[in-house]
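What follows is a single structure, written as structure tokens, with notes after it.
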Amino acid sequence: MENFKLTNLFTIKGITAPSGLWYTQNVLFVISDSSHFLYQYDIAKKLLLKFPLVKEAKENIEKAEKPDLESITQYGNQLIMLASGSTEKRNSMFTLDLGSDALKSQDLSVLYQKLKSVGSFSHDQLNIEGAIYANQTMLLFQRGNSKNSQNGIFIIPNHQEDGIRFVPISLPTLDDVETTFTDAILVGDTIYFLACAENTTSTYEDGEVLGTILGIMHAPTFEIIEVHLLSEHQKFEGITLYNETETELEFLLCEDNDTEALEATIYKLSLKINH
């Protein structure tokens with residue numbers, strides 16, 4: 001008997017290809033890898049607002065041009081959104097102040113080039129899929145789904161002169177294909193991450209989805225403590241904390257079904273905590 005339960009919670013009309021989630025104060029923020037908008041969904045009112053991140057913002061952007069926003073996290077009052085770095089057009093970072101709605105953008109080309117150097121990646125192997133900010137440090141989760149690439153975590157201190165490190169992580173396999181990071185979140189001193197097995201050797205082209213796991217990792221050491229198989233055919237790309245009690249954690253998940261359908265299905269994952 002598994003100690004988790006995955007249920008289909010609701011569907012948001014008007015979002016395609018959701019790639020990351022952040023939940024706060026009954027509002028769900030959603031990013032899409034093929035859109036220039038940040039989506040803000042009021043769960044109680046079932047109301048969707050769109051926040052343009054660039055001038056002349058577009059949706060359903062073709063693959064070669066898409067910004068590929070894959071990671072969303074919060075630091076203080078700032079919502080931080082990061083592109084994957086998997087092509088030269090995917091190097092943006094956006095920060096939104098949740099108090100004032102002030103939006104800033106930044107080109108991360110120099111940082112991403114440094115990450116490639118630190119991780120010994122070729123120009124097409126970098127693929128950032130998750131971000132956690134804690135203890136004056138940003139953790140970026142590298143999805144090792146290209147040929148000869150490596151899953152791992154980049155550790156980026158606030159003061160970069162302290163040095164950026166890359167920690168390779170070996171993840172479980174599904175059907176003899178190694179799963180690769182698709183998102184992660186920190187709760188206390190534990191990292192909860194999603195990893196998907198996809199039959200492809202490219203950071204660019206999608207492949208047959210072989211399933212998604214939930215992994216539980218001790219944050220200080222990156223040791224994997226538990227793994228649960230969530231699905232044998234779905235690709236979950238975003239995870240955010242929804243509710244926390246002494247005995248149970250509830251997360252919200254989004255799925256990238258690699259279609260252009262203008263709707264996003266949000267799932268609830270309930271996980272019993274082993275004390």
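Lettering and numbering for the structure tokens are positional, with chains as A, B, ... in the shown order, residues counted from 1 in each chain, and ligands counted from 1 in the shown order.
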Quiz item: Leaving out A:Thr265 and any residue of its chain fewer than 5 positions from it, which residues lie within 12 Å of it when counting only C-alpha atoms, given as a list in words?
Solution: Thr7, Asn8, Leu9, Phe10, Thr11, Ile12, Lys13, Gly14, Ile15, Thr16, Ala17, Pro18, Ser19, Leu21, Val30, Gln234, Lys235, Phe236, Glu237, Gly238, Leu252, Leu253, Cys254, Glu255, Asp256 and Asn257 of chain A
Self-check item: Expected answer as an MDAnalysis selection string: helix (DSSP H, G or I) residues in stretch 63-272 of chain A
Solution: chainID A and resid 63:65 109:119 160:162
Let me see the file: selected residues, N, CA, C and O atoms, as a PDB file, in the first residue's frame.
```
ATOM      1  N   LYS A  63       8.121  26.233 -31.446  1.00  0.00           N
ATOM      2  CA  LYS A  63       9.210  25.641 -30.668  1.00  0.00           C
ATOM      3  C   LYS A  63      10.539  26.397 -30.801  1.00  0.00           C
ATOM      4  O   LYS A  63      11.227  26.643 -29.825  1.00  0.00           O
ATOM      5  N   ALA A  64      10.889  26.766 -32.017  1.00  0.00           N
ATOM      6  CA  ALA A  64      12.193  27.405 -32.234  1.00  0.00           C
ATOM      7  C   ALA A  64      12.290  28.764 -31.542  1.00  0.00           C
ATOM      8  O   ALA A  64      13.389  29.231 -31.238  1.00  0.00           O
ATOM      9  N   GLU A  65      11.151  29.399 -31.296  1.00  0.00           N
ATOM     10  CA  GLU A  65      11.150  30.750 -30.741  1.00  0.00           C
ATOM     11  C   GLU A  65      10.735  30.803 -29.277  1.00  0.00           C
ATOM     12  O   GLU A  65      10.817  31.845 -28.637  1.00  0.00           O
ATOM     13  N   SER A 109      22.588  34.733 -19.909  1.00  0.00           N
ATOM     14  CA  SER A 109      23.531  34.068 -20.824  1.00  0.00           C
ATOM     15  C   SER A 109      24.904  33.853 -20.187  1.00  0.00           C
ATOM     16  O   SER A 109      25.507  32.777 -20.321  1.00  0.00           O
ATOM     17  N   VAL A 110      25.409  34.852 -19.464  1.00  0.00           N
ATOM     18  CA  VAL A 110      26.747  34.744 -18.870  1.00  0.00           C
ATOM     19  C   VAL A 110      26.738  33.684 -17.768  1.00  0.00           C
ATOM     20  O   VAL A 110      27.637  32.833 -17.693  1.00  0.00           O
ATOM     21  N   LEU A 111      25.708  33.717 -16.907  1.00  0.00           N
ATOM     22  CA  LEU A 111      25.612  32.707 -15.851  1.00  0.00           C
ATOM     23  C   LEU A 111      25.462  31.310 -16.438  1.00  0.00           C
ATOM     24  O   LEU A 111      26.147  30.368 -16.009  1.00  0.00           O
ATOM     25  N   TYR A 112      24.594  31.172 -17.430  1.00  0.00           N
ATOM     26  CA  TYR A 112      24.367  29.844 -18.014  1.00  0.00           C
ATOM     27  C   TYR A 112      25.625  29.322 -18.708  1.00  0.00           C
ATOM     28  O   TYR A 112      25.895  28.118 -18.689  1.00  0.00           O
ATOM     29  N   GLN A 113      26.405  30.221 -19.297  1.00  0.00           N
ATOM     30  CA  GLN A 113      27.672  29.798 -19.899  1.00  0.00           C
ATOM     31  C   GLN A 113      28.619  29.286 -18.817  1.00  0.00           C
ATOM     32  O   GLN A 113      29.328  28.287 -19.001  1.00  0.00           O
ATOM     33  N   LYS A 114      28.588  29.958 -17.664  1.00  0.00           N
ATOM     34  CA  LYS A 114      29.429  29.527 -16.541  1.00  0.00           C
ATOM     35  C   LYS A 114      28.975  28.154 -16.033  1.00  0.00           C
ATOM     36  O   LYS A 114      29.801  27.297 -15.686  1.00  0.00           O
ATOM     37  N   LEU A 115      27.649  27.934 -16.006  1.00  0.00           N
ATOM     38  CA  LEU A 115      27.139  26.629 -15.560  1.00  0.00           C
ATOM     39  C   LEU A 115      27.612  25.520 -16.494  1.00  0.00           C
ATOM     40  O   LEU A 115      27.995  24.434 -16.037  1.00  0.00           O
ATOM     41  N   LYS A 116      27.585  25.795 -17.789  1.00  0.00           N
ATOM     42  CA  LYS A 116      28.070  24.790 -18.752  1.00  0.00           C
ATOM     43  C   LYS A 116      29.541  24.461 -18.495  1.00  0.00           C
ATOM     44  O   LYS A 116      29.954  23.298 -18.560  1.00  0.00           O
ATOM     45  N   SER A 117      30.294  25.490 -18.187  1.00  0.00           N
ATOM     46  CA  SER A 117      31.724  25.292 -17.928  1.00  0.00           C
ATOM     47  C   SER A 117      31.925  24.466 -16.652  1.00  0.00           C
ATOM     48  O   SER A 117      32.695  23.509 -16.631  1.00  0.00           O
ATOM     49  N   VAL A 118      31.197  24.833 -15.585  1.00  0.00           N
ATOM     50  CA  VAL A 118      31.335  24.126 -14.301  1.00  0.00           C
ATOM     51  C   VAL A 118      30.897  22.667 -14.435  1.00  0.00           C
ATOM     52  O   VAL A 118      31.520  21.756 -13.888  1.00  0.00           O
ATOM     53  N   GLY A 119      29.806  22.432 -15.180  1.00  0.00           N
ATOM     54  CA  GLY A 119      29.282  21.077 -15.329  1.00  0.00           C
ATOM     55  C   GLY A 119      29.891  20.296 -16.473  1.00  0.00           C
ATOM     56  O   GLY A 119      29.518  19.143 -16.697  1.00  0.00           O
ATOM     57  N   GLN A 160      28.864  34.918  -5.825  1.00  0.00           N
ATOM     58  CA  GLN A 160      29.363  33.912  -6.760  1.00  0.00           C
ATOM     59  C   GLN A 160      30.873  33.729  -6.693  1.00  0.00           C
ATOM     60  O   GLN A 160      31.403  32.725  -7.165  1.00  0.00           O
ATOM     61  N   GLU A 161      31.551  34.685  -6.042  1.00  0.00           N
ATOM     62  CA  GLU A 161      33.003  34.483  -5.888  1.00  0.00           C
ATOM     63  C   GLU A 161      33.281  33.305  -4.954  1.00  0.00           C
ATOM     64  O   GLU A 161      34.396  32.778  -4.924  1.00  0.00           O
ATOM     65  N   ASP A 162      32.258  32.883  -4.180  1.00  0.00           N
ATOM     66  CA  ASP A 162      32.417  31.692  -3.337  1.00  0.00           C
ATOM     67  C   ASP A 162      32.449  30.417  -4.179  1.00  0.00           C
ATOM     68  O   ASP A 162      32.739  29.339  -3.665  1.00  0.00           O
TER      69      ASP A 162
END
```
Quiz prompt | stretch 77-86 of chain A surroundings by only C-alpha atoms, 7 Å radius, close-in-sequence under 4 positions cut, as a list in words | solution = Pro67, Asp68, Leu69, Glu70, Ser71, Ile72, Thr73, Arg90, Asn91, Ser92, Met93, Phe94, Thr95, Leu96, Asp97, Leu98, Gly99, Tyr112, Asp124, Gln125, Leu126, Asn127, Ile128, Glu129 and Thr203 of chain A
Exercise. Determine, counting only C-alpha atoms, which protein, DNA and RNA residues have an atom within 6 Å of an atom of A:Phe154; residues of the same chain fewer than 5 positions away are not included. Present the result as an MDAnalysis selection string.
Key: chainID A and resid 139:140 165:166
Restricting the output to N, CA and C atoms, write the selected residues as a tab-separated table (two decimals), in the first residue's frame.
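Everything below was put into again_9.tsv:
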```
chain	number	residue	atom	x	y	z
A	139	LEU	N	19.56	26.75	-5.84
A	139	LEU	CA	19.78	25.41	-6.38
A	139	LEU	C	19.05	25.31	-7.70
A	140	LEU	N	19.76	24.96	-8.75
A	140	LEU	CA	19.15	24.77	-10.07
A	140	LEU	C	19.27	23.31	-10.47
A	165	ARG	N	29.07	25.25	-7.79
A	165	ARG	CA	29.40	23.83	-7.85
A	165	ARG	C	28.30	23.07	-8.58
A	166	PHE	N	28.65	21.94	-9.15
A	166	PHE	CA	27.69	21.03	-9.76
A	166	PHE	C	27.80	19.68	-9.09
```
Quiz item: Could you pull out all residues of stretch 23-65 of chain A with a DSSP call of strand (DSSP E) and give them as JSON, numbers by chain?
Solution: {"A": [23, 24, 27, 28, 29, 30, 31, 32, 37, 38, 39, 40, 41, 42, 47, 48, 49, 50, 51, 52]}
Using N, CA, C and O atoms, can you write the selected residues to a file as an mmCIF file, in the first residue's frame?
```cif
data_model
loop_
_atom_site.group_PDB
_atom_site.id
_atom_site.type_symbol
_atom_site.label_atom_id
_atom_site.label_comp_id
_atom_site.auth_asym_id
_atom_site.auth_seq_id
_atom_site.Cartn_x
_atom_site.Cartn_y
_atom_site.Cartn_z
ATOM 1 N N TYR A 23 2.239 28.019 -5.495
ATOM 2 C CA TYR A 23 0.988 28.278 -4.782
ATOM 3 C C TYR A 23 1.257 29.159 -3.573
ATOM 4 O O TYR A 23 2.186 28.906 -2.802
ATOM 5 N N THR A 24 0.439 30.217 -3.418
ATOM 6 C CA THR A 24 0.535 31.070 -2.244
ATOM 7 C C THR A 24 -0.800 31.766 -2.029
ATOM 8 O O THR A 24 -1.398 32.292 -2.979
ATOM 9 N N VAL A 27 -3.821 31.407 -4.298
ATOM 10 C CA VAL A 27 -3.581 31.755 -5.703
ATOM 11 C C VAL A 27 -2.521 30.802 -6.254
ATOM 12 O O VAL A 27 -1.508 30.531 -5.592
ATOM 13 N N LEU A 28 -2.772 30.300 -7.446
ATOM 14 C CA LEU A 28 -1.823 29.416 -8.110
ATOM 15 C C LEU A 28 -1.205 30.164 -9.284
ATOM 16 O O LEU A 28 -1.912 30.588 -10.200
ATOM 17 N N PHE A 29 0.108 30.361 -9.232
ATOM 18 C CA PHE A 29 0.836 30.967 -10.351
ATOM 19 C C PHE A 29 1.330 29.839 -11.256
ATOM 20 O O PHE A 29 1.862 28.835 -10.771
ATOM 21 N N VAL A 30 1.153 30.018 -12.553
ATOM 22 C CA VAL A 30 1.522 28.979 -13.523
ATOM 23 C C VAL A 30 2.377 29.600 -14.616
ATOM 24 O O VAL A 30 2.050 30.668 -15.141
ATOM 25 N N ILE A 31 3.473 28.933 -14.958
ATOM 26 C CA ILE A 31 4.245 29.319 -16.140
ATOM 27 C C ILE A 31 4.072 28.239 -17.199
ATOM 28 O O ILE A 31 3.769 27.090 -16.902
ATOM 29 N N SER A 32 4.274 28.655 -18.444
ATOM 30 C CA SER A 32 4.171 27.739 -19.581
ATOM 31 C C SER A 32 5.447 27.840 -20.385
ATOM 32 O O SER A 32 6.026 28.920 -20.525
ATOM 33 N N PHE A 37 3.522 34.723 -20.898
ATOM 34 C CA PHE A 37 2.676 35.189 -19.803
ATOM 35 C C PHE A 37 2.945 34.408 -18.515
ATOM 36 O O PHE A 37 3.264 33.216 -18.554
ATOM 37 N N LEU A 38 2.797 35.103 -17.403
ATOM 38 C CA LEU A 38 2.645 34.446 -16.107
ATOM 39 C C LEU A 38 1.145 34.391 -15.842
ATOM 40 O O LEU A 38 0.450 35.396 -15.953
ATOM 41 N N TYR A 39 0.653 33.216 -15.503
ATOM 42 C CA TYR A 39 -0.775 33.032 -15.264
ATOM 43 C C TYR A 39 -1.043 33.026 -13.761
ATOM 44 O O TYR A 39 -0.299 32.403 -12.995
ATOM 45 N N GLN A 40 -2.098 33.720 -13.367
ATOM 46 C CA GLN A 40 -2.462 33.819 -11.961
ATOM 47 C C GLN A 40 -3.896 33.316 -11.823
ATOM 48 O O GLN A 40 -4.826 33.930 -12.355
ATOM 49 N N TYR A 41 -4.056 32.189 -11.123
ATOM 50 C CA TYR A 41 -5.377 31.557 -11.032
ATOM 51 C C TYR A 41 -5.877 31.619 -9.600
ATOM 52 O O TYR A 41 -5.255 31.065 -8.689
ATOM 53 N N ASP A 42 -6.999 32.331 -9.406
ATOM 54 C CA ASP A 42 -7.656 32.390 -8.106
ATOM 55 C C ASP A 42 -8.519 31.141 -7.974
ATOM 56 O O ASP A 42 -9.524 30.992 -8.672
ATOM 57 N N LEU A 47 -10.896 32.143 -11.312
ATOM 58 C CA LEU A 47 -10.615 33.296 -12.176
ATOM 59 C C LEU A 47 -9.162 33.253 -12.625
ATOM 60 O O LEU A 47 -8.247 33.139 -11.806
ATOM 61 N N LEU A 48 -8.944 33.372 -13.939
ATOM 62 C CA LEU A 48 -7.590 33.347 -14.504
ATOM 63 C C LEU A 48 -7.192 34.736 -14.990
ATOM 64 O O LEU A 48 -7.900 35.356 -15.780
ATOM 65 N N LEU A 49 -6.065 35.223 -14.493
ATOM 66 C CA LEU A 49 -5.487 36.482 -14.963
ATOM 67 C C LEU A 49 -4.170 36.173 -15.668
ATOM 68 O O LEU A 49 -3.477 35.222 -15.324
ATOM 69 N N LYS A 50 -3.835 37.008 -16.662
ATOM 70 C CA LYS A 50 -2.587 36.827 -17.410
ATOM 71 C C LYS A 50 -1.705 38.055 -17.224
ATOM 72 O O LYS A 50 -2.147 39.173 -17.431
ATOM 73 N N PHE A 51 -0.453 37.804 -16.884
ATOM 74 C CA PHE A 51 0.486 38.886 -16.623
ATOM 75 C C PHE A 51 1.576 38.824 -17.692
ATOM 76 O O PHE A 51 2.393 37.900 -17.688
ATOM 77 N N PRO A 52 1.616 39.788 -18.655
ATOM 78 C CA PRO A 52 2.641 39.715 -19.711
ATOM 79 C C PRO A 52 4.047 39.962 -19.147
ATOM 80 O O PRO A 52 4.258 40.895 -18.386
#
```
Exercise. Please identify all polymer residues within 12 Å of stretch 169-173 of chain A, counting only C-alpha atoms, omitting same-chain residues fewer than 2 positions from it, and present them as a ChimeraX atom specification.
Key: /A:141-145,149-154,166-167,175-182,193-199,210-217,221-229,232
Practice problem: Check the smallest atom-to-atom distance from each of A:Asp183, A:Glu246, A:Asp189, A:Asp33 to A:Gly130 using only C-alpha atoms, then report the winner. | Solution: A:Asp183
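One distance worth recording is that between atom CA of A:Pro168 and atom CA of A:Asn148, which is 12.6 Å.
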Nearby residues (only C-alpha atoms) at most 10 Å from A:Ile273, same-chain spacing under 2 positions excluded, as a PDB file with all heavy atoms, in the first residue's frame:
```pdb
ATOM      1  N   ASN A   3       1.884   5.179   0.345  1.00  0.00           N
ATOM      2  CA  ASN A   3       1.404   6.191   1.277  1.00  0.00           C
ATOM      3  C   ASN A   3       1.145   7.518   0.569  1.00  0.00           C
ATOM      4  O   ASN A   3       1.307   8.584   1.132  1.00  0.00           O
ATOM      5  CB  ASN A   3       2.394   6.385   2.432  1.00  0.00           C
ATOM      6  CG  ASN A   3       3.766   6.825   1.955  1.00  0.00           C
ATOM      7  OD1 ASN A   3       4.048   6.823   0.755  1.00  0.00           O
ATOM      8  ND2 ASN A   3       4.620   7.203   2.883  1.00  0.00           N
ATOM      9  N   PHE A   4       0.750   7.438  -0.719  1.00  0.00           N
ATOM     10  CA  PHE A   4       0.386   8.668  -1.418  1.00  0.00           C
ATOM     11  C   PHE A   4      -0.873   8.433  -2.245  1.00  0.00           C
ATOM     12  O   PHE A   4      -1.240   7.299  -2.564  1.00  0.00           O
ATOM     13  CB  PHE A   4       1.527   9.158  -2.315  1.00  0.00           C
ATOM     14  CG  PHE A   4       1.706   8.370  -3.586  1.00  0.00           C
ATOM     15  CD1 PHE A   4       1.022   8.714  -4.748  1.00  0.00           C
ATOM     16  CD2 PHE A   4       2.564   7.279  -3.639  1.00  0.00           C
ATOM     17  CE1 PHE A   4       1.176   7.999  -5.919  1.00  0.00           C
ATOM     18  CE2 PHE A   4       2.720   6.550  -4.798  1.00  0.00           C
ATOM     19  CZ  PHE A   4       2.029   6.907  -5.932  1.00  0.00           C
ATOM     20  N   GLU A 244       0.040  21.652   4.435  1.00  0.00           N
ATOM     21  CA  GLU A 244       0.965  20.886   5.271  1.00  0.00           C
ATOM     22  C   GLU A 244       0.349  20.686   6.648  1.00  0.00           C
ATOM     23  O   GLU A 244      -0.084  21.648   7.289  1.00  0.00           O
ATOM     24  CB  GLU A 244       2.290  21.662   5.389  1.00  0.00           C
ATOM     25  CG  GLU A 244       3.362  20.974   6.170  1.00  0.00           C
ATOM     26  CD  GLU A 244       4.659  21.773   6.195  1.00  0.00           C
ATOM     27  OE1 GLU A 244       4.680  22.931   5.714  1.00  0.00           O
ATOM     28  OE2 GLU A 244       5.652  21.237   6.722  1.00  0.00           O
ATOM     29  N   THR A 245       0.278  19.436   7.089  1.00  0.00           N
ATOM     30  CA  THR A 245      -0.125  19.129   8.463  1.00  0.00           C
ATOM     31  C   THR A 245       0.975  18.272   9.090  1.00  0.00           C
ATOM     32  O   THR A 245       1.982  17.963   8.444  1.00  0.00           O
ATOM     33  CB  THR A 245      -1.458  18.353   8.507  1.00  0.00           C
ATOM     34  OG1 THR A 245      -1.256  17.034   7.952  1.00  0.00           O
ATOM     35  CG2 THR A 245      -2.555  19.072   7.740  1.00  0.00           C
ATOM     36  N   GLU A 246       0.776  17.877  10.338  1.00  0.00           N
ATOM     37  CA  GLU A 246       1.804  17.074  11.008  1.00  0.00           C
ATOM     38  C   GLU A 246       1.964  15.701  10.375  1.00  0.00           C
ATOM     39  O   GLU A 246       3.034  15.091  10.458  1.00  0.00           O
ATOM     40  CB  GLU A 246       1.455  16.910  12.499  1.00  0.00           C
ATOM     41  CG  GLU A 246       1.776  18.137  13.326  1.00  0.00           C
ATOM     42  CD  GLU A 246       1.696  17.863  14.819  1.00  0.00           C
ATOM     43  OE1 GLU A 246       1.509  16.693  15.206  1.00  0.00           O
ATOM     44  OE2 GLU A 246       1.827  18.821  15.593  1.00  0.00           O
ATOM     45  N   THR A 247       0.903  15.204   9.746  1.00  0.00           N
ATOM     46  CA  THR A 247       0.936  13.825   9.228  1.00  0.00           C
ATOM     47  C   THR A 247       0.903  13.737   7.710  1.00  0.00           C
ATOM     48  O   THR A 247       1.092  12.654   7.156  1.00  0.00           O
ATOM     49  CB  THR A 247      -0.262  13.029   9.773  1.00  0.00           C
ATOM     50  OG1 THR A 247      -1.481  13.699   9.384  1.00  0.00           O
ATOM     51  CG2 THR A 247      -0.214  12.930  11.282  1.00  0.00           C
ATOM     52  N   GLU A 248       0.656  14.847   7.032  1.00  0.00           N
ATOM     53  CA  GLU A 248       0.468  14.772   5.587  1.00  0.00           C
ATOM     54  C   GLU A 248       0.913  16.051   4.889  1.00  0.00           C
ATOM     55  O   GLU A 248       0.755  17.148   5.420  1.00  0.00           O
ATOM     56  CB  GLU A 248      -1.028  14.514   5.286  1.00  0.00           C
ATOM     57  CG  GLU A 248      -1.329  14.203   3.834  1.00  0.00           C
ATOM     58  CD  GLU A 248      -2.807  13.857   3.622  1.00  0.00           C
ATOM     59  OE1 GLU A 248      -3.666  14.695   3.951  1.00  0.00           O
ATOM     60  OE2 GLU A 248      -3.083  12.757   3.120  1.00  0.00           O
ATOM     61  N   LEU A 249       1.486  15.875   3.707  1.00  0.00           N
ATOM     62  CA  LEU A 249       1.778  16.996   2.814  1.00  0.00           C
ATOM     63  C   LEU A 249       0.878  16.875   1.586  1.00  0.00           C
ATOM     64  O   LEU A 249       0.659  15.768   1.083  1.00  0.00           O
ATOM     65  CB  LEU A 249       3.242  16.973   2.363  1.00  0.00           C
ATOM     66  CG  LEU A 249       4.308  17.216   3.420  1.00  0.00           C
ATOM     67  CD1 LEU A 249       5.688  17.010   2.817  1.00  0.00           C
ATOM     68  CD2 LEU A 249       4.198  18.607   4.010  1.00  0.00           C
ATOM     69  N   SER A 270      -1.349  13.806  -2.377  1.00  0.00           N
ATOM     70  CA  SER A 270      -1.359  13.731  -0.905  1.00  0.00           C
ATOM     71  C   SER A 270      -0.352  12.688  -0.472  1.00  0.00           C
ATOM     72  O   SER A 270      -0.393  11.554  -0.945  1.00  0.00           O
ATOM     73  CB  SER A 270      -2.756  13.350  -0.401  1.00  0.00           C
ATOM     74  OG  SER A 270      -3.728  14.244  -0.904  1.00  0.00           O
ATOM     75  N   LEU A 271       0.542  13.070   0.431  1.00  0.00           N
ATOM     76  CA  LEU A 271       1.642  12.201   0.836  1.00  0.00           C
ATOM     77  C   LEU A 271       1.688  12.112   2.357  1.00  0.00           C
ATOM     78  O   LEU A 271       1.833  13.123   3.043  1.00  0.00           O
ATOM     79  CB  LEU A 271       2.964  12.758   0.294  1.00  0.00           C
ATOM     80  CG  LEU A 271       4.221  11.930   0.499  1.00  0.00           C
ATOM     81  CD1 LEU A 271       4.214  10.687  -0.392  1.00  0.00           C
ATOM     82  CD2 LEU A 271       5.456  12.776   0.221  1.00  0.00           C
ATOM     83  N   HIS A 275       7.282   9.768  10.284  1.00  0.00           N
ATOM     84  CA  HIS A 275       8.091  10.411  11.326  1.00  0.00           C
ATOM     85  C   HIS A 275       9.023   9.377  11.948  1.00  0.00           C
ATOM     86  O   HIS A 275       8.668   8.225  12.097  1.00  0.00           O
ATOM     87  CB  HIS A 275       7.195  11.023  12.404  1.00  0.00           C
ATOM     88  CG  HIS A 275       6.490  12.254  11.918  1.00  0.00           C
ATOM     89  ND1 HIS A 275       7.131  13.457  11.710  1.00  0.00           N
ATOM     90  CD2 HIS A 275       5.190  12.475  11.583  1.00  0.00           C
ATOM     91  CE1 HIS A 275       6.259  14.368  11.284  1.00  0.00           C
ATOM     92  NE2 HIS A 275       5.080  13.777  11.190  1.00  0.00           N
TER      93      HIS A 275
END
```
Self-check item: Residue among A:Pro157, A:Val209, A:His233, A:Leu186 lying closest to A:Phe251, counting only C-alpha atoms
Solution: A:Leu186
